[in-house]
file run_24.csv (CSV, C-alpha atoms)
chain,number,residue,atom,x,y,z
X,510,MET,CA,-47.8,-34.6,27.5
X,511,ASP,CA,-44.3,-34.6,29.0
X,512,SER,CA,-41.1,-34.2,27.1
X,513,GLU,CA,-40.3,-37.9,27.0
X,514,ASP,CA,-43.7,-38.7,25.5
X,515,ARG,CA,-43.2,-35.9,22.9
X,516,LYS,CA,-39.8,-37.2,22.0
X,517,ALA,CA,-41.1,-40.8,21.5
X,518,ILE,CA,-44.0,-39.6,19.3
X,519,ILE,CA,-41.7,-37.4,17.2
X,520,LEU,CA,-39.1,-40.1,16.8
X,521,LYS,CA,-41.7,-42.7,15.7
X,522,ALA,CA,-43.1,-40.1,13.2
X,523,ILE,CA,-39.6,-39.4,11.8
X,524,ILE,CA,-38.9,-43.1,11.3
X,525,LYS,CA,-42.3,-43.9,9.8
X,526,ASN,CA,-42.1,-40.9,7.4
X,527,TYR,CA,-38.5,-41.8,6.4
X,528,MET,CA,-39.5,-45.4,5.8
X,529,GLU,CA,-42.3,-44.3,3.5
X,530,THR,CA,-40.4,-41.6,1.6
X,531,GLY,CA,-36.7,-42.2,2.0
X,532,GLU,CA,-36.3,-38.4,2.4
X,533,PRO,CA,-35.0,-36.6,5.5
X,534,VAL,CA,-37.8,-35.4,7.7
X,535,GLY,CA,-38.2,-31.8,8.8
X,536,SER,CA,-40.0,-30.1,11.7
X,537,ARG,CA,-42.8,-28.8,9.4
X,538,THR,CA,-43.8,-32.3,8.5
X,539,ILE,CA,-43.9,-33.4,12.1
X,540,SER,CA,-45.9,-30.3,13.2
X,541,LYS,CA,-48.8,-31.5,11.0
X,542,LEU,CA,-49.4,-34.4,13.4
X,543,PRO,CA,-52.8,-33.8,15.1
X,544,GLU,CA,-51.8,-35.6,18.3
X,545,LEU,CA,-48.9,-33.2,19.0
X,546,ASN,CA,-50.4,-29.7,18.6
X,547,LEU,CA,-46.9,-28.2,19.0
X,548,SER,CA,-45.1,-25.3,17.3
X,549,SER,CA,-42.4,-26.0,14.8
X,550,ALA,CA,-39.9,-24.3,17.2
X,551,THR,CA,-40.8,-26.8,20.0
X,552,ILE,CA,-40.5,-29.7,17.7
X,553,ARG,CA,-37.1,-28.4,16.5
X,554,ASN,CA,-35.9,-28.3,20.1
X,555,GLU,CA,-37.1,-31.9,20.7
X,556,MET,CA,-35.5,-33.1,17.5
X,557,SER,CA,-32.2,-31.4,18.5
X,558,ASP,CA,-32.4,-33.3,21.8
X,559,LEU,CA,-33.0,-36.6,19.9
X,560,GLU,CA,-30.0,-35.9,17.8
X,561,ASP,CA,-27.9,-35.2,20.9
X,562,MET,CA,-29.1,-38.5,22.3
X,563,GLY,CA,-28.1,-40.4,19.2
X,564,TYR,CA,-31.6,-41.4,17.9
X,565,ILE,CA,-31.6,-39.3,14.7
X,566,LEU,CA,-29.0,-37.9,12.4
X,567,GLN,CA,-28.8,-34.8,10.2
X,568,PRO,CA,-27.2,-35.9,6.9
X,569,HIS,CA,-26.2,-32.3,6.0
X,570,THR,CA,-26.8,-28.7,7.2
X,571,SER,CA,-30.3,-27.4,6.9
X,572,ALA,CA,-31.6,-30.9,5.9
X,573,GLY,CA,-34.2,-32.8,7.9
X,574,ARG,CA,-33.4,-35.8,10.1
X,575,ILE,CA,-33.1,-39.5,9.4
X,576,PRO,CA,-33.1,-42.3,12.0
X,577,SER,CA,-29.9,-43.7,13.4
X,578,ASP,CA,-29.4,-47.4,14.2
X,579,LYS,CA,-30.2,-46.5,17.8
X,580,GLY,CA,-33.4,-44.9,16.6
X,581,TYR,CA,-34.5,-47.9,14.6
X,582,ARG,CA,-33.7,-50.1,17.6
X,583,PHE,CA,-36.0,-48.0,19.8
X,584,TYR,CA,-38.7,-48.2,17.2
X,585,VAL,CA,-38.6,-52.0,16.8
X,586,ASP,CA,-38.4,-52.5,20.6
X,587,GLU,CA,-41.4,-50.3,21.1
X,588,ILE,CA,-43.4,-52.3,18.4
X,589,LEU,CA,-42.4,-55.5,20.1
X,590,ARG,CA,-43.4,-54.2,23.5
X,591,GLU,CA,-46.8,-52.9,22.2
X,592,LYS,CA,-47.4,-56.2,20.4
X,593,GLU,CA,-46.6,-58.2,23.5
X,594,ILE,CA,-49.0,-56.2,25.6
X,595,GLU,CA,-51.6,-56.4,22.9
X,596,THR,CA,-51.1,-60.2,22.5
X,597,GLU,CA,-51.3,-61.0,26.2
X,598,GLU,CA,-54.6,-59.1,26.5
X,599,PHE,CA,-55.9,-60.8,23.4
X,600,LYS,CA,-54.8,-64.3,24.7
X,601,ASP,CA,-56.6,-63.7,28.0
X,602,LEU,CA,-59.8,-62.8,26.1
X,603,MET,CA,-59.4,-65.6,23.5
X,604,PHE,CA,-58.8,-68.4,26.0
X,605,LYS,CA,-62.0,-67.5,27.7
X,606,LYS,CA,-63.8,-67.1,24.4
X,607,VAL,CA,-62.5,-70.4,22.9
X,608,ASP,CA,-63.4,-72.5,25.9
X,609,ARG,CA,-66.9,-71.0,25.8
X,610,LEU,CA,-67.1,-71.2,22.0
X,611,GLU,CA,-66.3,-74.9,21.9
X,612,THR,CA,-69.2,-75.6,24.3
X,613,VAL,CA,-71.5,-73.3,22.4
X,614,LEU,CA,-70.7,-74.9,19.0
X,615,LYS,CA,-71.2,-78.4,20.3
X,616,GLN,CA,-74.5,-77.4,21.8
X,617,LEU,CA,-75.6,-75.5,18.7
X,618,ALA,CA,-74.9,-78.6,16.5
X,619,LYS,CA,-77.3,-80.6,18.8
X,620,ILE,CA,-80.0,-78.0,18.7
X,621,ILE,CA,-79.8,-77.6,14.9
X,622,ALA,CA,-80.0,-81.4,14.5
X,623,ARG,CA,-82.9,-81.7,16.9
X,624,ASP,CA,-84.9,-78.7,15.5
X,625,THR,CA,-84.5,-79.6,11.8
X,626,ASN,CA,-84.5,-83.4,12.2
X,627,TYR,CA,-81.4,-83.5,9.9
X,628,ALA,CA,-77.7,-83.8,10.5
X,629,ALA,CA,-75.7,-80.7,11.5
X,630,MET,CA,-72.0,-79.8,11.3
X,631,ILE,CA,-70.2,-76.7,12.5
X,632,SER,CA,-66.6,-75.8,12.0
X,633,GLY,CA,-64.5,-74.1,14.7
X,634,PRO,CA,-63.3,-70.6,13.7
X,635,THR,CA,-60.1,-69.9,11.8
X,636,ILE,CA,-58.5,-66.7,10.6
X,637,HIS,CA,-60.3,-65.7,7.4
X,638,SER,CA,-58.4,-62.9,5.8
X,639,ASN,CA,-54.9,-64.4,6.5
X,640,LYS,CA,-53.2,-61.0,6.7
X,641,VAL,CA,-49.7,-60.6,8.0
X,642,LYS,CA,-49.8,-58.3,11.0
X,643,PHE,CA,-46.2,-58.4,12.2
X,644,LEU,CA,-43.0,-60.4,11.6
X,645,GLN,CA,-39.9,-60.3,13.9
X,646,LEU,CA,-36.5,-62.1,13.5
X,647,SER,CA,-34.4,-62.3,16.6
X,648,LYS,CA,-31.0,-63.9,17.1
X,649,ILE,CA,-30.8,-67.1,19.2
X,650,ASP,CA,-27.2,-68.0,18.4
X,651,LYS,CA,-24.7,-67.7,15.6
X,652,PHE,CA,-26.6,-69.9,13.2
X,653,LYS,CA,-30.2,-69.8,14.5
X,654,LEU,CA,-32.9,-67.1,14.3
X,655,LEU,CA,-36.3,-67.0,16.0
X,656,LEU,CA,-39.1,-66.0,13.6
X,657,VAL,CA,-42.3,-64.6,15.3
X,658,THR,CA,-45.3,-64.4,13.0
X,659,VAL,CA,-48.3,-62.4,14.1
X,660,ALA,CA,-51.4,-62.8,11.9
X,661,GLU,CA,-54.6,-60.8,11.9
X,662,GLY,CA,-56.6,-61.8,14.9
X,663,ASN,CA,-53.3,-61.9,16.9
X,664,ILE,CA,-52.6,-65.5,16.0
X,665,ILE,CA,-49.0,-66.0,16.9
X,666,ASN,CA,-46.5,-68.6,15.7
X,667,ASN,CA,-42.8,-69.1,16.7
X,668,LYS,CA,-40.4,-70.9,14.5
X,669,ILE,CA,-36.6,-71.4,14.7
X,670,ILE,CA,-34.8,-70.8,11.4
X,671,ASP,CA,-31.4,-72.3,10.7
X,672,ILE,CA,-29.0,-70.0,8.8
X,673,ASP,CA,-25.7,-70.7,7.0
X,674,SER,CA,-23.6,-67.8,8.1
X,675,GLU,CA,-23.6,-65.4,11.1
X,676,ILE,CA,-25.7,-62.2,10.8
X,677,SER,CA,-25.2,-59.1,13.0
X,678,GLU,CA,-27.9,-57.4,15.1
X,679,SER,CA,-27.9,-54.3,12.9
X,680,GLU,CA,-28.3,-56.5,9.8
X,681,ILE,CA,-31.2,-58.3,11.5
X,682,LEU,CA,-32.8,-55.0,12.3
X,683,ASN,CA,-32.6,-53.9,8.7
X,684,LEU,CA,-34.0,-57.2,7.6
X,685,ASN,CA,-36.9,-56.9,10.0
X,686,LEU,CA,-37.7,-53.4,8.6
X,687,LEU,CA,-37.5,-54.6,5.0
X,688,ILE,CA,-39.7,-57.7,5.6
X,689,ASN,CA,-42.4,-55.8,7.6
X,690,THR,CA,-42.4,-52.9,5.1
X,691,SER,CA,-42.9,-55.4,2.3
X,692,LEU,CA,-45.4,-57.8,3.8
X,693,ASN,CA,-47.4,-56.1,6.6
X,694,GLY,CA,-51.2,-56.0,5.8
X,695,LEU,CA,-50.9,-58.5,2.9
X,696,THR,CA,-52.8,-61.8,2.7
X,697,VAL,CA,-50.8,-64.9,1.7
X,698,GLU,CA,-52.5,-64.7,-1.7
X,699,GLU,CA,-51.3,-61.1,-2.2
X,700,ILE,CA,-47.7,-62.1,-1.6
X,701,ASN,CA,-47.1,-62.8,-5.3
X,702,LEU,CA,-44.0,-63.7,-7.2
X,703,SER,CA,-43.2,-60.0,-8.0
X,704,ILE,CA,-43.3,-59.1,-4.3
X,705,MET,CA,-41.2,-62.1,-3.3
X,706,ASN,CA,-38.6,-61.4,-6.0
X,707,LYS,CA,-38.3,-57.8,-5.0
X,708,LEU,CA,-37.9,-58.7,-1.4
X,709,ARG,CA,-35.2,-61.2,-2.2
X,710,MET,CA,-33.4,-58.7,-4.3
X,711,ASP,CA,-33.6,-56.0,-1.6
X,712,ALA,CA,-32.3,-58.5,1.0
X,713,GLY,CA,-29.2,-59.0,-1.1
X,714,VAL,CA,-27.0,-61.7,0.5
X,715,TYR,CA,-29.8,-62.5,2.9
X,716,GLY,CA,-32.2,-63.6,0.2
X,717,ASP,CA,-32.0,-67.2,1.6
X,718,ILE,CA,-33.3,-66.0,4.9
X,719,VAL,CA,-36.2,-64.2,3.2
X,720,ASP,CA,-37.1,-67.5,1.4
X,721,LYS,CA,-37.3,-69.3,4.7
X,722,VAL,CA,-39.4,-66.5,6.2
X,723,LEU,CA,-41.8,-66.6,3.2
X,724,ARG,CA,-42.2,-70.4,3.6
X,725,GLU,CA,-42.9,-70.2,7.3
X,726,VAL,CA,-45.5,-67.4,6.7
X,727,ALA,CA,-47.3,-69.7,4.2
X,728,ALA,CA,-47.1,-72.6,6.7
X,729,VAL,CA,-48.7,-70.6,9.5
X,730,PHE,CA,-51.8,-69.9,7.5
X,731,LYS,CA,-52.0,-73.4,6.1
X,732,SER,CA,-51.9,-75.0,9.5
X,733,ALA,CA,-54.9,-73.0,10.6
X,734,THR,CA,-57.0,-74.7,7.9
X,735,ASP,CA,-55.4,-78.1,8.5
X,736,ASN,CA,-56.3,-78.1,12.2
X,737,LEU,CA,-59.9,-77.1,11.6
X,738,GLU,CA,-62.2,-78.6,14.3
X,739,ILE,CA,-65.7,-79.8,13.1
X,740,TYR,CA,-68.5,-80.6,15.5
X,741,THR,CA,-71.3,-82.9,14.2
X,742,SER,CA,-74.7,-84.1,15.5
X,743,GLY,CA,-77.8,-85.9,14.3
X,744,THR,CA,-76.2,-88.3,11.7
X,745,THR,CA,-78.8,-90.9,12.5
X,746,ASN,CA,-81.6,-88.5,11.7
X,747,ILE,CA,-80.8,-89.0,8.0
X,748,PHE,CA,-81.7,-92.7,8.2
X,749,LYS,CA,-85.3,-91.8,8.9
X,750,TYR,CA,-85.8,-91.1,5.2
X,751,PRO,CA,-86.5,-94.2,3.2
X,752,GLU,CA,-84.6,-93.1,0.0
X,753,ILE,CA,-81.3,-93.1,1.9
X,754,SER,CA,-81.8,-95.7,4.6
X,755,ASP,CA,-80.5,-98.8,2.8
X,756,ARG,CA,-77.3,-100.4,4.4
X,757,GLU,CA,-74.8,-99.3,1.7
X,758,LYS,CA,-75.9,-95.6,1.6
X,759,ALA,CA,-76.1,-95.5,5.4
X,760,SER,CA,-72.5,-96.9,5.6
X,761,GLN,CA,-71.2,-94.3,3.1
X,762,LEU,CA,-72.8,-91.5,5.0
X,763,VAL,CA,-71.5,-92.6,8.4
X,764,ASN,CA,-68.0,-92.8,6.9
X,765,ALA,CA,-68.3,-89.3,5.5
X,766,PHE,CA,-69.2,-87.9,8.9
X,767,GLU,CA,-66.5,-89.9,10.6
X,768,GLU,CA,-63.8,-88.8,8.2
X,769,LYS,CA,-63.9,-85.1,9.1
X,770,ASP,CA,-61.5,-84.2,6.2
X,771,LYS,CA,-64.4,-84.9,3.8
X,772,LEU,CA,-66.6,-82.5,5.7
X,773,LYS,CA,-63.9,-79.8,5.4
X,774,GLU,CA,-64.2,-80.0,1.6
X,775,ILE,CA,-67.8,-78.7,2.0
X,776,LEU,CA,-67.3,-76.2,4.7
X,777,ALA,CA,-64.1,-74.8,3.2
X,778,GLY,CA,-66.1,-73.9,0.0
X,779,VAL,CA,-68.3,-71.4,1.8
X,780,ASP,CA,-67.5,-67.9,0.5
X,781,ASP,CA,-68.8,-64.6,1.7
X,782,ASP,CA,-68.7,-63.3,-1.8
X,783,ASP,CA,-71.6,-65.5,-2.7
X,784,ASP,CA,-75.1,-64.1,-2.9
X,785,ASN,CA,-77.5,-64.6,-0.1
X,786,ASP,CA,-75.1,-63.7,2.8
X,787,GLY,CA,-72.7,-66.5,1.8
X,788,ILE,CA,-75.4,-69.2,2.1
X,789,ARG,CA,-74.9,-72.1,-0.4
X,790,VAL,CA,-77.3,-74.9,-1.2
X,791,TYR,CA,-75.8,-78.1,-2.8
X,792,ILE,CA,-78.4,-80.5,-4.2
X,793,GLY,CA,-77.6,-84.1,-5.1
X,794,ASN,CA,-74.7,-84.2,-7.6
X,795,GLU,CA,-73.7,-80.7,-6.7
X,796,VAL,CA,-72.4,-81.9,-3.3
X,797,PRO,CA,-68.6,-82.0,-3.4
X,798,ILE,CA,-68.4,-85.4,-1.5
X,799,SER,CA,-69.4,-88.4,-3.6
X,800,ASP,CA,-70.8,-90.3,-0.6
X,801,MET,CA,-73.4,-87.6,0.0
X,802,ARG,CA,-74.8,-87.2,-3.5
X,803,ASP,CA,-78.1,-88.6,-2.6
X,804,LEU,CA,-78.5,-85.7,-0.2
X,805,SER,CA,-78.7,-81.9,0.0
X,806,VAL,CA,-76.4,-79.7,2.0
X,807,VAL,CA,-76.9,-76.1,3.0
X,808,THR,CA,-73.9,-74.2,4.3
X,809,ALA,CA,-73.2,-70.6,5.5
X,810,ASN,CA,-70.5,-68.6,7.4
X,811,TYR,CA,-70.6,-67.2,10.9
X,812,GLU,CA,-68.3,-64.5,12.2
X,813,ILE,CA,-67.2,-63.8,15.8
X,814,GLY,CA,-64.9,-60.8,15.2
X,815,GLU,CA,-61.1,-60.4,15.1
X,816,GLY,CA,-61.1,-61.9,11.6
X,817,LEU,CA,-62.3,-65.2,12.9
X,818,ARG,CA,-64.8,-67.2,10.8
X,819,GLY,CA,-66.4,-70.6,10.8
X,820,SER,CA,-69.0,-72.4,8.8
X,821,ILE,CA,-72.4,-74.1,9.5
X,822,GLY,CA,-73.8,-77.0,7.5
X,823,ILE,CA,-77.1,-78.9,7.5
X,824,VAL,CA,-77.4,-82.2,5.7
X,825,GLY,CA,-80.7,-83.8,4.8
X,826,PRO,CA,-82.6,-85.5,2.0
X,827,LYS,CA,-83.1,-83.7,-1.4
X,828,ARG,CA,-86.7,-83.2,-0.3
X,829,MET,CA,-85.6,-81.3,2.9
X,830,ASP,CA,-87.6,-78.4,4.1
X,831,TYR,CA,-85.4,-75.7,2.6
X,832,GLU,CA,-87.4,-72.8,3.9
X,833,LYS,CA,-87.1,-74.1,7.5
X,834,VAL,CA,-83.3,-74.9,7.0
X,835,LEU,CA,-82.5,-71.5,5.6
X,836,LYS,CA,-84.4,-69.8,8.5
X,837,THR,CA,-82.5,-71.9,11.0
X,838,ILE,CA,-79.1,-71.1,9.5
X,839,LYS,CA,-79.8,-67.3,9.4
X,840,THR,CA,-81.0,-67.4,13.1
X,841,VAL,CA,-77.8,-69.3,14.1
X,842,MET,CA,-75.5,-66.9,12.2
X,843,ALA,CA,-77.2,-63.9,13.8
X,844,SER,CA,-77.1,-65.5,17.3
X,845,LEU,CA,-73.3,-66.3,17.1
X,846,ASP,CA,-72.5,-62.8,15.7
X,847,GLU,CA,-74.5,-61.1,18.5
X,848,GLN,CA,-73.3,-63.3,21.3
X,849,PHE,CA,-69.6,-62.9,20.6
X,850,LYS,CA,-69.7,-59.3,19.4
X,851,ASN,CA,-70.7,-58.4,23.0
X,852,ASP,CA,-67.5,-60.0,24.3
X,853,GLU,CA,-65.2,-57.8,22.3
call {"tool": "encode", "arguments": {"input": "run_24.csv", "output": "structure tokens"}}
result
Amino acid sequence: MDSEDRKAIILKAIIKNYMETGEPVGSRTISKLPELNLSSATIRNEMSDLEDMGYILQPHTSAGRIPSDKGYRFYVDEILREKEIETEEFKDLMFKKVDRLETVLKQLAKIIARDTNYAAMISGPTIHSNKVKFLQLSKIDKFKLLLVTVAEGNIINNKIIDIDSEISESEILNLNLLINTSLNGLTVEEINLSIMNKLRMDAGVYGDIVDKVLREVAAVFKSATDNLEIYTSGTTNIFKYPEISDREKASQLVNAFEEKDKLKEILAGVDDDDDNDGIRVYIGNEVPISDMRDLSVVTANYEIGEGLRGSIGIVGPKRMDYEKVLKTIKTVMASLDEQFKNDE
């Protein structure tokens, strides 16, 4: 490890430790890092160089060091560079995976419908855990900021935010550190009123910017659900069963399958906290969609890594072959998991 690499690691460690504790950081603390394996004397020399270069400050004699604005700038720029590389690599992988996944899901819906003689529906994957991975505010002009939101699974969203008064680069830097320290790793559900109020209070005069950031973060995760793709096959299979083949019931069923928003109600209800590996069986009046209450619906989750999850559903008469349907669903779940796990 050359001196430049050592300095970068030591600087990052000082900033992270200071962000966590608010206390100046000494060489003994840094010497405990396993990736360095350096003596306290060597670390002190590197810290002295970092101080001469303007990246860290010593608030008073014999105290540890704290980051300077230049040090914070290096830290944030490094995070952005790492995220950009990470994101580009992930995009390359996901473009290939998504193109293939869409083909696979359409084909799977046909196979399930053919093999079970019922109707099948499969939702495209969305981010399940909805965790905030990284947020970055950047200045565009005097009254506009760019908010980059990175969610778990490296789902990225860019949004321009209008602001009422000008904000300096150093104030944006402090705001980025505050927002990321408060929100990183949290789901939308975990960002509760207490966290939001503390964040607004800590932001002081920039509380209105924090409000806009929070609204955009919520919107990013909502849009993922709103844009859910659903692939269906085998609707006409249902009409082979006399109890649901009359014209009115058939028309209602066709409408339910054509209006994908209704199908989302069923597939969105699949929860991995349920028993039986997240498999749920709705019978008759238990089905959330009124147009399907002469039927039974069996649903389950599939996972393809990176926090991405979708759902499978099989729709048939109340006298469906439940044993066969459950076996089919478990086989499909295992197949998708295995197929896309090998791509990671």
call {"tool": "residues_near_point", "arguments": {"input": "run_24.csv", "point": "(-42.9, -68.3, 3.5)", "cutoff": "12 Å", "atoms": "all atoms listed in the file", "output": "PyMOL selection string"}}
result
chain X and resi 641+644+656+658+668+670+688+692+696-698+700-702+705+708-709+717-731
call {"tool": "closest_residue", "arguments": {"input": "run_24.csv", "among": "X:Ile672, X:Ala809, X:Ala522, X:Ile704", "to": "Phe652 (chain X)", "atoms": "all atoms listed in the file"}}
result
X:Ile672
call {"tool": "closest_residue", "arguments": {"input": "run_24.csv", "among": "X:Asn693, X:Asn685, X:Thr612, X:Asn526", "to": "Arg574 (chain X)", "atoms": "all atoms listed in the file"}}
result
X:Asn526
call {"tool": "closest_residue", "arguments": {"input": "run_24.csv", "among": "X:Leu684, X:Ile524, X:Leu776, X:Val841", "to": "Val824 (chain X)", "atoms": "all atoms listed in the file"}}
result
X:Leu776
call {"tool": "closest_residue", "arguments": {"input": "run_24.csv", "among": "X:Gly825, X:Pro543, X:Gly563, X:Gly694", "to": "Thr808 (chain X)", "atoms": "all atoms listed in the file"}}
result
X:Gly825
call {"tool": "atom_distance", "arguments": {"input": "run_24.csv", "atom1": "CA of Tyr791 (chain X)", "atom2": "CA of Glu611 (chain X)"}}
result
26.7 Å
call {"tool": "residues_near_point", "arguments": {"input": "run_24.csv", "point": "(-81.3, -69.5, 14.5)", "cutoff": "12 Å", "atoms": "only C-alpha atoms", "output": "ChimeraX atom specification"}}
result
/X:617-618,620-622,624-625,811,821,833-847
call {"tool": "closest_residue", "arguments": {"input": "run_24.csv", "among": "X:Lys642, X:Arg582, X:Arg789, X:Lys749", "to": "Val657 (chain X)", "atoms": "all atoms listed in the file"}}
result
X:Lys642
